[in-house]
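Q: Structure incoming, see below.
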Amino acid sequence: MKPDARDFLFTSSLGQFSTLPGERIETIDMHTAGEPTRIILHAPSLPDGSDILARRRDAQSTWERYRRLLMFEPRGHKDMYGALLVPPVSPQASFGVLFLHNEGYSTMCGHAVIALGKAAVELGWVPSTEPLTVVRMDTPAGLVTAHVHVDAGRARATRFENVPSYVVALDSTIDVPGVGRVRYDIAYGGAFYAFVDASSIGLDLTLHNGRAIAAAGMSIKNAGMTAVPLRHPEAADLSFLYGTIFTAPGTREGIYSRHVCVFADGAIDRSPTGTGVSARMALLDSREPLEADTRIQIESLTGGVFIGGIAHRLTFHGMPAVIPTVEGVASFTGRHTFIVEPDDPLGDGFIVR
């Protein structure tokens, strides 16, 4: 049988590509409820530091070029999201991770943890056991434990226990330029968020309304950053308002609410936002204590669902707090060998807003 000409083109191209000059970066790409996670497996360098927060600080200076070229065009886009694997610092952890986006580096990311749990099982980073495989990872916000539901060798869903989550402010108000008087809550779930009822400002949380959502979210975030000083009790690096989360009723039976998060520099999360669900669990529990077996379904713009719960309550530096759980499903979308040719004038990336 005559070989398919396309097979020849494929094998020939792979061989030639491997000899092209330039830096190479290897990634696995995934999505969780539509939100991308570009997992960086290999890069020419790694941030340095004795712990994950120190590596995050080092990344802000020494790794910026790689963040931009992986998150920005032509390899990414303004809403791209990434996870850089680094060696663990805790004896319990299998690996450490730094989270990156269009503005810099997150402190924690739930949708990425869900993806990393699946990747750890299906790519052999940890020994797989059924029905649950435990995957622990060091994040800038602290050690996070994921429980991956495994069936016939496949990771079906990931549920993780997040860091202590707590409420900072309830029913506060602020004047926001271009939006008006806004009522909001602030809570922490690995990052600080301002929660706003979308209907209170006449905002439609649908896929076709992305520009208006991003504009309103950034206006509220910027106003809140100026008016509301935030302090994490353990690390100054965590003490900033990361984003605005708009809430609305769920669109179908069994869905408690819809979340749309505007974070970093106007990025819109396609997932319900794992750290946002964590913070929302703390908010809901502060208003009316939740039952131990409560499972709250929260949807995103795409219709993807995360399930929130509470593992237990605790006192965190004198504040009432919860250890929330978040469950979701991730999927693989591709494997990439990115190359940066030495004579490419746009090789380091650019972004159009």
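Scheme for the structure tokens: letters A, B, ... for chains in order shown; per-chain residue numbers from 1; ligand numbers from 1 in order shown.
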I'd like the neighbourhood of segment 17-20 of chain A as a PyMOL selection string, where a residue qualifies if any of its atoms comes within 10 Å (using only C-alpha atoms), though same-chain residues fewer than 6 positions away should be ignored.

A: chain A and resi 337+339-341

Q: With a cut-off of 12 Å, could you pull out the residues of segment 32-142 of chain A touching segment 178-188 of chain A and give me the nearest pair of atoms for each, distance in Å to one decimal, using only C-alpha atoms, ordered by chain and ascending number, as a Markdown table?

A:
```
| residue | atom | partner | partner_atom | distance |
| --- | --- | --- | --- | --- |
| A:Thr107 | CA | A:Tyr188 | CA | 11.2 |
| A:Met108 | CA | A:Tyr188 | CA | 10.8 |
| A:Ala141 | CA | A:Tyr188 | CA | 10.8 |
```

Q: Each residue of segment 247-268 of chain A lying at most 8 Å from segment 300-309 of chain A should get a row with its shortest atom-to-atom pair and the distance in Å to one decimal, counting only C-alpha atoms; could you produce that, ordered by chain and increasing number, as a Markdown table?

A:
```
| residue | atom | partner | partner_atom | distance |
| --- | --- | --- | --- | --- |
| A:Arg258 | CA | A:Ser300 | CA | 5.6 |
| A:His259 | CA | A:Ser300 | CA | 5.4 |
| A:Val260 | CA | A:Ser300 | CA | 6.1 |
```

Q: For the contact check between segment 78-168 of chain A and segment 55-73 of chain A, emit one row per residue of segment 78-168 of chain A within 9 Å, containing the shortest atom pair and the distance in Å rounded to one decimal, counting only C-alpha atoms, chain then rising number order, as CSV.

A:
```
residue,atom,partner,partner_atom,distance
A:Lys78,CA,A:Phe72,CA,6.2
A:Asp79,CA,A:Met71,CA,8.0
A:Met80,CA,A:Met71,CA,5.3
A:Tyr81,CA,A:Met71,CA,6.5
A:Gly82,CA,A:Met71,CA,7.2
A:Val86,CA,A:Arg55,CA,8.9
A:Leu98,CA,A:Arg56,CA,6.6
A:Phe99,CA,A:Arg56,CA,8.7
A:Leu100,CA,A:Arg67,CA,6.9
A:His101,CA,A:Met71,CA,6.3
A:Asn102,CA,A:Met71,CA,6.2
A:Glu103,CA,A:Arg68,CA,8.9
A:Gly104,CA,A:Gln60,CA,7.1
A:Tyr105,CA,A:Arg56,CA,7.1
A:Ser106,CA,A:Arg56,CA,8.8
A:Thr107,CA,A:Arg56,CA,8.6
A:Pro140,CA,A:Arg56,CA,7.2
```

Q: As an exercise, work out the distance from atom CA of Pro47 of chain A to atom CA of Asp348 of chain A in Å and give it to one decimal place.

A: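 It comes out at 17.9 Å.
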
Q: Name the residues of segment 102-251 of chain A that come out as strand (DSSP E or B) in a backbone DSSP run; write them as a VMD selection string.

A: chain A and resid 105 to 106 132 to 139 142 to 151 154 to 161 165 to 176 180 to 188 192 to 197 241 to 249

Q: Env of Thr325 of chain A: 12 Å cut, atoms = only C-alpha atoms, seq-sep filter 4 positions within chain, self excluded. Answer as a PDB file with N, CA and C atoms, in the first residue's frame.

A:
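Written out: selection.pdb:
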```pdb
ATOM      1  N   GLY A 110      -7.968  27.771  41.700  1.00  0.00           N
ATOM      2  CA  GLY A 110      -8.720  26.529  41.829  1.00  0.00           C
ATOM      3  C   GLY A 110      -8.884  25.776  40.524  1.00  0.00           C
ATOM      4  N   VAL A 113      -5.721  23.983  39.825  1.00  0.00           N
ATOM      5  CA  VAL A 113      -5.522  22.844  40.723  1.00  0.00           C
ATOM      6  C   VAL A 113      -6.337  21.644  40.251  1.00  0.00           C
ATOM      7  N   ILE A 114      -7.565  21.889  39.802  1.00  0.00           N
ATOM      8  CA  ILE A 114      -8.397  20.801  39.277  1.00  0.00           C
ATOM      9  C   ILE A 114      -7.727  20.167  38.059  1.00  0.00           C
ATOM     10  N   VAL A 144      -1.987  22.782  49.225  1.00  0.00           N
ATOM     11  CA  VAL A 144      -3.341  22.446  48.797  1.00  0.00           C
ATOM     12  C   VAL A 144      -3.397  20.951  48.521  1.00  0.00           C
ATOM     13  N   THR A 145      -4.449  20.303  49.019  1.00  0.00           N
ATOM     14  CA  THR A 145      -4.628  18.864  48.838  1.00  0.00           C
ATOM     15  C   THR A 145      -5.780  18.607  47.884  1.00  0.00           C
ATOM     16  N   ALA A 146      -5.492  17.871  46.818  1.00  0.00           N
ATOM     17  CA  ALA A 146      -6.514  17.507  45.838  1.00  0.00           C
ATOM     18  C   ALA A 146      -6.814  16.020  45.944  1.00  0.00           C
ATOM     19  N   HIS A 147      -8.092  15.681  45.797  1.00  0.00           N
ATOM     20  CA  HIS A 147      -8.548  14.287  45.782  1.00  0.00           C
ATOM     21  C   HIS A 147      -9.108  14.020  44.390  1.00  0.00           C
ATOM     22  N   THR A 158     -11.867  16.224  40.068  1.00  0.00           N
ATOM     23  CA  THR A 158     -10.921  16.575  41.126  1.00  0.00           C
ATOM     24  C   THR A 158     -11.625  17.448  42.154  1.00  0.00           C
ATOM     25  N   ARG A 159     -11.487  17.074  43.404  1.00  0.00           N
ATOM     26  CA  ARG A 159     -11.993  17.897  44.512  1.00  0.00           C
ATOM     27  C   ARG A 159     -10.800  18.285  45.365  1.00  0.00           C
ATOM     28  N   PHE A 160     -10.668  19.564  45.672  1.00  0.00           N
ATOM     29  CA  PHE A 160      -9.537  19.979  46.495  1.00  0.00           C
ATOM     30  C   PHE A 160      -9.996  20.705  47.745  1.00  0.00           C
ATOM     31  N   GLU A 161      -9.178  20.560  48.777  1.00  0.00           N
ATOM     32  CA  GLU A 161      -9.382  21.306  50.013  1.00  0.00           C
ATOM     33  C   GLU A 161      -8.489  22.538  49.942  1.00  0.00           C
ATOM     34  N   ASN A 162      -9.111  23.688  50.053  1.00  0.00           N
ATOM     35  CA  ASN A 162      -8.379  24.927  49.875  1.00  0.00           C
ATOM     36  C   ASN A 162      -7.799  25.407  51.201  1.00  0.00           C
ATOM     37  N   VAL A 163      -7.126  26.539  51.139  1.00  0.00           N
ATOM     38  CA  VAL A 163      -6.540  27.180  52.317  1.00  0.00           C
ATOM     39  C   VAL A 163      -7.646  27.836  53.137  1.00  0.00           C
ATOM     40  N   PRO A 164      -7.376  28.222  54.399  1.00  0.00           N
ATOM     41  CA  PRO A 164      -8.402  28.889  55.208  1.00  0.00           C
ATOM     42  C   PRO A 164      -9.003  30.087  54.473  1.00  0.00           C
ATOM     43  N   SER A 165     -10.333  30.110  54.433  1.00  0.00           N
ATOM     44  CA  SER A 165     -11.066  31.144  53.707  1.00  0.00           C
ATOM     45  C   SER A 165     -11.969  31.881  54.683  1.00  0.00           C
ATOM     46  N   GLY A 189     -10.341  33.498  49.529  1.00  0.00           N
ATOM     47  CA  GLY A 189     -10.384  32.057  49.302  1.00  0.00           C
ATOM     48  C   GLY A 189      -9.116  31.565  48.619  1.00  0.00           C
ATOM     49  N   GLY A 274     -12.343  28.706  41.155  1.00  0.00           N
ATOM     50  CA  GLY A 274     -12.219  27.860  42.348  1.00  0.00           C
ATOM     51  C   GLY A 274     -11.953  28.628  43.617  1.00  0.00           C
ATOM     52  N   THR A 275     -11.052  29.613  43.566  1.00  0.00           N
ATOM     53  CA  THR A 275     -10.807  30.422  44.759  1.00  0.00           C
ATOM     54  C   THR A 275     -12.001  31.308  45.065  1.00  0.00           C
ATOM     55  N   GLY A 276     -12.728  31.712  44.014  1.00  0.00           N
ATOM     56  CA  GLY A 276     -13.941  32.494  44.232  1.00  0.00           C
ATOM     57  C   GLY A 276     -15.045  31.676  44.867  1.00  0.00           C
ATOM     58  N   VAL A 277     -15.203  30.423  44.424  1.00  0.00           N
ATOM     59  CA  VAL A 277     -16.167  29.534  45.077  1.00  0.00           C
ATOM     60  C   VAL A 277     -15.783  29.327  46.541  1.00  0.00           C
ATOM     61  N   SER A 278     -14.482  29.199  46.802  1.00  0.00           N
ATOM     62  CA  SER A 278     -14.014  29.043  48.182  1.00  0.00           C
ATOM     63  C   SER A 278     -14.400  30.252  49.031  1.00  0.00           C
ATOM     64  N   ALA A 279     -14.136  31.449  48.493  1.00  0.00           N
ATOM     65  CA  ALA A 279     -14.499  32.660  49.221  1.00  0.00           C
ATOM     66  C   ALA A 279     -16.009  32.764  49.399  1.00  0.00           C
ATOM     67  N   ARG A 280     -16.767  32.347  48.382  1.00  0.00           N
ATOM     68  CA  ARG A 280     -18.229  32.398  48.472  1.00  0.00           C
ATOM     69  C   ARG A 280     -18.748  31.449  49.550  1.00  0.00           C
ATOM     70  N   MET A 281     -18.111  30.308  49.721  1.00  0.00           N
ATOM     71  CA  MET A 281     -18.519  29.388  50.782  1.00  0.00           C
ATOM     72  C   MET A 281     -18.338  30.046  52.140  1.00  0.00           C
ATOM     73  N   ALA A 282     -17.244  30.777  52.310  1.00  0.00           N
ATOM     74  CA  ALA A 282     -17.046  31.496  53.568  1.00  0.00           C
ATOM     75  C   ALA A 282     -18.115  32.556  53.761  1.00  0.00           C
ATOM     76  N   ALA A 292     -23.012  20.285  57.300  1.00  0.00           N
ATOM     77  CA  ALA A 292     -21.716  19.663  56.999  1.00  0.00           C
ATOM     78  C   ALA A 292     -21.682  19.014  55.625  1.00  0.00           C
ATOM     79  N   ASP A 293     -22.828  18.488  55.156  1.00  0.00           N
ATOM     80  CA  ASP A 293     -22.847  17.778  53.875  1.00  0.00           C
ATOM     81  C   ASP A 293     -23.372  18.652  52.728  1.00  0.00           C
ATOM     82  N   THR A 294     -23.429  19.949  52.932  1.00  0.00           N
ATOM     83  CA  THR A 294     -23.927  20.843  51.894  1.00  0.00           C
ATOM     84  C   THR A 294     -23.023  20.816  50.661  1.00  0.00           C
ATOM     85  N   ARG A 295     -23.625  20.681  49.504  1.00  0.00           N
ATOM     86  CA  ARG A 295     -22.894  20.737  48.232  1.00  0.00           C
ATOM     87  C   ARG A 295     -23.610  21.761  47.353  1.00  0.00           C
ATOM     88  N   ILE A 296     -22.945  22.868  47.082  1.00  0.00           N
ATOM     89  CA  ILE A 296     -23.546  23.977  46.355  1.00  0.00           C
ATOM     90  C   ILE A 296     -22.962  24.035  44.948  1.00  0.00           C
ATOM     91  N   GLN A 297     -23.832  23.976  43.948  1.00  0.00           N
ATOM     92  CA  GLN A 297     -23.394  24.009  42.559  1.00  0.00           C
ATOM     93  C   GLN A 297     -23.401  25.453  42.041  1.00  0.00           C
ATOM     94  N   PHE A 306     -18.802  24.094  39.165  1.00  0.00           N
ATOM     95  CA  PHE A 306     -18.002  23.664  40.303  1.00  0.00           C
ATOM     96  C   PHE A 306     -18.948  23.398  41.469  1.00  0.00           C
ATOM     97  N   ILE A 307     -18.577  22.443  42.298  1.00  0.00           N
ATOM     98  CA  ILE A 307     -19.371  22.105  43.480  1.00  0.00           C
ATOM     99  C   ILE A 307     -18.602  22.524  44.721  1.00  0.00           C
ATOM    100  N   GLY A 308     -19.188  23.417  45.501  1.00  0.00           N
ATOM    101  CA  GLY A 308     -18.554  23.918  46.714  1.00  0.00           C
ATOM    102  C   GLY A 308     -19.088  23.243  47.962  1.00  0.00           C
ATOM    103  N   GLY A 309     -18.231  23.087  48.942  1.00  0.00           N
ATOM    104  CA  GLY A 309     -18.616  22.532  50.233  1.00  0.00           C
ATOM    105  C   GLY A 309     -17.691  23.061  51.311  1.00  0.00           C
ATOM    106  N   ILE A 310     -17.890  22.580  52.531  1.00  0.00           N
ATOM    107  CA  ILE A 310     -17.041  22.981  53.652  1.00  0.00           C
ATOM    108  C   ILE A 310     -16.523  21.729  54.345  1.00  0.00           C
ATOM    109  N   ALA A 311     -15.200  21.583  54.395  1.00  0.00           N
ATOM    110  CA  ALA A 311     -14.599  20.435  55.081  1.00  0.00           C
ATOM    111  C   ALA A 311     -14.716  20.602  56.583  1.00  0.00           C
ATOM    112  N   HIS A 312     -14.359  21.783  57.086  1.00  0.00           N
ATOM    113  CA  HIS A 312     -14.516  22.085  58.495  1.00  0.00           C
ATOM    114  C   HIS A 312     -14.314  23.570  58.747  1.00  0.00           C
ATOM    115  N   ARG A 313     -14.693  23.987  59.943  1.00  0.00           N
ATOM    116  CA  ARG A 313     -14.513  25.379  60.359  1.00  0.00           C
ATOM    117  C   ARG A 313     -13.320  25.460  61.302  1.00  0.00           C
TER     118      ARG A 313
END
```

Q: Between atom CA of Pro36 of chain A and atom CA of Ala83 of chain A, measure the distance and give it in Å to one decimal.

A: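 Result for atom CA of Pro36 of chain A versus atom CA of Ala83 of chain A: 10.0 Å, one decimal.
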
Q: Measuring atom to atom with only C-alpha atoms, identify which of A:Phe95, A:Tyr166, A:Phe263, A:Phe240 is nearest to Val126 of chain A.

A: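 Distance minimum relative to Val126 of chain A lands on A:Phe95.
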
Q: With distances taken over only C-alpha atoms, which residue among A:Ala248, A:Leu132, A:Val97, A:Leu170 lies nearest Asp204 of chain A?

A: A:Ala248

Q: I need the residue nearest Pro272 of chain A from this list: A:Pro127, A:Gly347, A:Pro249, A:Gly328. Use only C-alpha atoms for the distance.

A: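 The closest residue to Pro272 of chain A is A:Gly328.
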
Q: Any idea what's packed within 12 Å of Asp344 of chain A, counting only C-alpha atoms, ignoring anything in its chain fewer than 5 positions away? Could you give it as a PyMOL selection string?

A: chain A and resi 21-23+69+74+339+349

Q: Go through A:Ala54, A:Ile298, A:Val196, A:Ala112 one by one, measure the shortest atom-to-atom distance of each to Asp29 of chain A using only C-alpha atoms, and give the residue with the smallest value.

A: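 Among the listed residues, the smallest separation from Asp29 of chain A belongs to A:Ala112.
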
Q: Just the number, please: distance in Å from atom CA of Phe338 of chain A to atom CA of Pro88 of chain A, one decimal.

A: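 Between these atoms lies a distance of 24.9 Å.
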